[in-house]
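Novice: Got a structure for you, written out below as structure tokens; questions coming shortly.
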Amino acid sequence: MAPTPDLSNVPDADVVALAQHGREDGFRELVRRYERPVFSLIFRMVRDSASAEDLAQDTFIKVLNHIDKYRPEFKLSSWLFKIAHNVAIDHLRRRQLDTISMSGSPHAGSEAEIAATSFEIASGEESALDQMEARELGSTIEKAIGTLRPEYRSCIMLRHVEGRSYEEIAATLDLPLGTVKTYIHRARIQLREQFEHLRE
């Protein structure tokens, strides 16, 4: 039996081509590269790790079913994030989470999920007090993000967590560039207001 080839250094386009030709190792490599960022994006939208895991699986099932529709002139990550975003939005609509109050109360059960986030500081050189304050700050920011409308939330997460450009966000969410900029601007204003409210 021939050993499984190492695809870790193969460009995304070639990995997709393998998957499009039915190569299971190609699809496995695609999942390996993007499962964490896809989960991260979905989790920060739905704010529940169990749901995020299920939705991430659903995302990659959709990717597998539609891999032949991927066009290499588009960035692979943008295509994947677009699918993940749509899966998460469908979930939010089903659960009617887009009616969350702007009062600052997170969705029930989400507190336990706000643990290690990209907003936390985890340096071993910090004091226990510093680390506790960092965790509290991370929790506060997560709560504020959780109050945003889903479309604002996804734009903010792609911009400030995934580091995507405005153009990439527009392509990922299939929105006009001006709309993306407007959503991010409004989201930042709401976050400032919510941050001040939650810190009181």
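Here, A, B, ... name the chains of the structure tokens in the order displayed, residue numbers run from 1 inside each chain, and ligands are numbered from 1 in the same displayed order.
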Show me, as a ChimeraX atom specification, the residues that have an atom within 12 Å of segment 53-62 of chain A when counting only C-alpha atoms, minus same-chain residues fewer than 3 positions from it.
Specialist: /A:27-50,65-70,79-92
Novice: Counting only C-alpha atoms, figure out which residue out of A:Thr147, A:Ser77, A:Thr182, A:Asn9 gets nearest to Gly163 of chain A.
Specialist: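 Among the listed residues, A:Ser77 lies closest to Gly163 of chain A.
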Novice: Report as an MDAnalysis selection string all protein, DNA and RNA residues lying within 12 Å of Thr179 of chain A, evaluated on only C-alpha atoms, omitting residues in the same chain fewer than 3 positions from it.
Specialist: chainID A and resid 151:152 155 166:167 169:171 173:176 182:187
